[in-house]
Every structure is written in C-alpha cells, then in structure tokens.
Amino acid sequence: MLCVEGINKRFNGRQVLSNLNLRVGSGETVALIGSSGSGKTTLIRTINGFVVPDSGRVAIQGKDIDYRNREALRQTRKRIGMVYQLFNLVERASALDNVMSGALGRMDRGIHLLVSTVGFFQKEDRDKAMDVLRFVGIEDKANERVDRLSGGQKQRVAIARALMQEPELLLADEPVANLDPKTGRKILELFLKINVGKGITVITVLHHIEAVRDHFRRVAAIKDGTVCFDGKVDELTGDHIDYIYKSDRNLECAAA
Ligand SMILES: Nc1ncnc2c1ncn2[C@@H]1O[C@H](COP(=O)(O)OP(=O)(O)OP(=O)(O)O)[C@@H](O)[C@H]1O
Ligand SMILES: [Mg+2]
C-alpha cells in the first residue's frame, strides 16, 4: 500500500534522507525507530506530503504522490490519518468538536477550520464522531473540554479525530512519548485494535524498544537518513540496537 523508493532530502545542504526505501503492505503495522535526528519525522512528513523530497518517489496504493499539485496533495492527505506526540488538539473545544473536525480531513489547519465550522456539522458527522469516540473508549468524555482531559484521553481524542477521516493509512509520530508507560501501552494496544478491527495500515515512530517488542511484529530502523534494519522484531538483536542508536553521525557531531 505504501512504497517509498530512493528518497533523498537535504535541508540547508545537509543530507537528511538518503536513498531511503520502505515498502509497507496493506494492513501491516510497522514501528519506526532510530536515534534523534536520524530522519524519522522527515520521512513521516514526506509520506504525508508536507516535505517535498529532492528525488525519489512515494506511492500510496500504487499512486505516486504528486508534490507539485496542491489539490492532489490534499486528496492524498485525506487518505492519511496523523497522530502527534503533543496531540495537536484544540484545547478549548470539546472532545466531540475536535473529533468532528477530523471529518474535514485537514487536520494541520484544524484550528482555523474548527473555529469557522463548529456548529455546521451534520447530524451524521456527530453520530460518526460518537461512534469513533466509543471505539477509542472515551465516549463519556465527548462533551468535556480537551484541556480538562488527561494525556492518555487527549491522545484517544486525537486518534478518534484521525479515524473520523476513515484513513487507509495511520501515521503516528511518537504518539506515546508524552504519556506514562502504562498509558502509552494502552494507546499502542488501541493502534493494534484499529489495525485489526478496521484494517487500517499503521506506521508509528516509537522510542521504547520494549514497547515495540511487545506490540509490533515488524520494525524498521532509520540511521543517518536511511533504513538500516527492516524485519521482524524477534530478529532485532542487541547488536542491531547498538548499531542503530550508537556511534550515530549526529552523536559524533554532538561529541565533537
Ligand atoms: N524543516 C527543516 N529545516 C531544516 N532542517 C530540518 C527540517 N526538518 C528536519 N530538519 C533536520 O533534519 C534532521 C532530521 O530531523 P527529523 O526531525 O526527521 O529527525 P527525527 O528522527 O524525527 O528525530 P527525533 O527523534 O529527535 O524526533 C535533523 O538534523 C533536523 O534538524
Ligand atoms: Mg521526530
């Protein structure tokens, strides 16, 4: 369903993604790991069309992303749900309103759209939002303002908002980094429930290897902007982990 082929990206003359290849089948779950600065977020942003690669291609369901065509990009983003570390919710709005804004499929502009569209949602949007809130386990918080929710509850709202789009692919960038381990595990379990229950392909950036081992079968590791390990979690050895996280170009830079 996702084919990333020979992606290169430079920022300020520095190679951030380097001939990066990644293929993900429909209905798979992949944990993306790698040290800080290795290029994980840049890869996620290339897949959802916010970073334009210098060369290479990204195809979703066999269709190449056309980075020069704004309307085509908008259509691509509609098919991709995004979940972020800091939730990116409208704190002063209710959980339900945040989730309904997902129906617009333009979450990066959600704040503006929410302000301009609250009150104009159809009854079916409201019913659907309640359904997804139920699916993620917080329908009882539907009318609660987001700033009154816990971190785990906020992330459930953010996931519900992404599901509201009915995405084919769910991308998450460190979705549990701001949660305590137990809450984080529950959120990872929710991703698996989404994958199995809704057949949505899930790719998520994670930092805790133990959580990766417990919840994911496939892991892809990025080092210096390229995939240096891609396989079953069981095949990921301590030596692999040392290689992935240590003697990284960035660490060497930091030490120099
Ligand atoms: N828009 C940008 N402009 C300039 N440099 C950028 C930009 N986005 C990312 N970079 C640089 O690209 C490199 C990779 O960044 P990226 O955010 O993809 O890393 P990451 O693997 O997600 O790291 P972390 O684990 O800390 O989130 C970093 O050196 C970063 O400073
Ligand atoms: Mg990142």
# chains A, B, ... in the order shown; residues from 1 in each chain; ligands from 1
>>> closest_atom_pairs(of="segment 49-146 of chain A", to="segment 176-191 of chain A", cutoff="12 Å", atoms="only C-alpha atoms", output="tab-separated table")
residue	atom	partner	partner_atom	distance
A:Gly81	CA	A:Phe191	CA	12.0
A:Val83	CA	A:Val176	CA	10.0
A:Tyr84	CA	A:Val176	CA	8.8
A:Gln85	CA	A:Ala177	CA	6.1
A:Leu86	CA	A:Asn178	CA	7.1
A:Phe87	CA	A:Asn178	CA	9.3
A:Val132	CA	A:Leu190	CA	12.0
A:Phe135	CA	A:Leu190	CA	9.1
A:Val136	CA	A:Leu190	CA	7.0
A:Gly137	CA	A:Leu190	CA	9.2
A:Ile138	CA	A:Leu190	CA	12.0
>>> residues_near_ligand(ligand="ligand 1", cutoff="6 Å", atoms="only C-alpha atoms and all ligand atoms", output="JSON, numbers by chain")
{"A": [11, 16, 35, 36, 37, 38, 39, 40, 41, 42]}
>>> write_last_selection(atoms="C-alpha atoms", output="CSV table (one decimal), in the first residue's frame")
chain,number,residue,atom,x,y,z
A,11,PHE,CA,17.9,20.6,4.5
A,16,VAL,CA,18.7,14.2,6.0
A,35,SER,CA,18.1,7.9,17.2
A,36,SER,CA,17.2,11.6,17.4
A,37,GLY,CA,17.9,13.4,14.2
A,38,SER,CA,18.0,10.2,12.1
A,39,GLY,CA,15.2,11.4,9.9
A,40,LYS,CA,12.0,9.7,11.2
A,41,THR,CA,9.8,12.7,11.3
A,42,THR,CA,11.1,13.9,8.0
>>> closest_residue(among="A:Leu43, A:Ala72, A:Leu22, A:Leu133", to="Gly225 of chain A", atoms="only C-alpha atoms")
A:Leu43
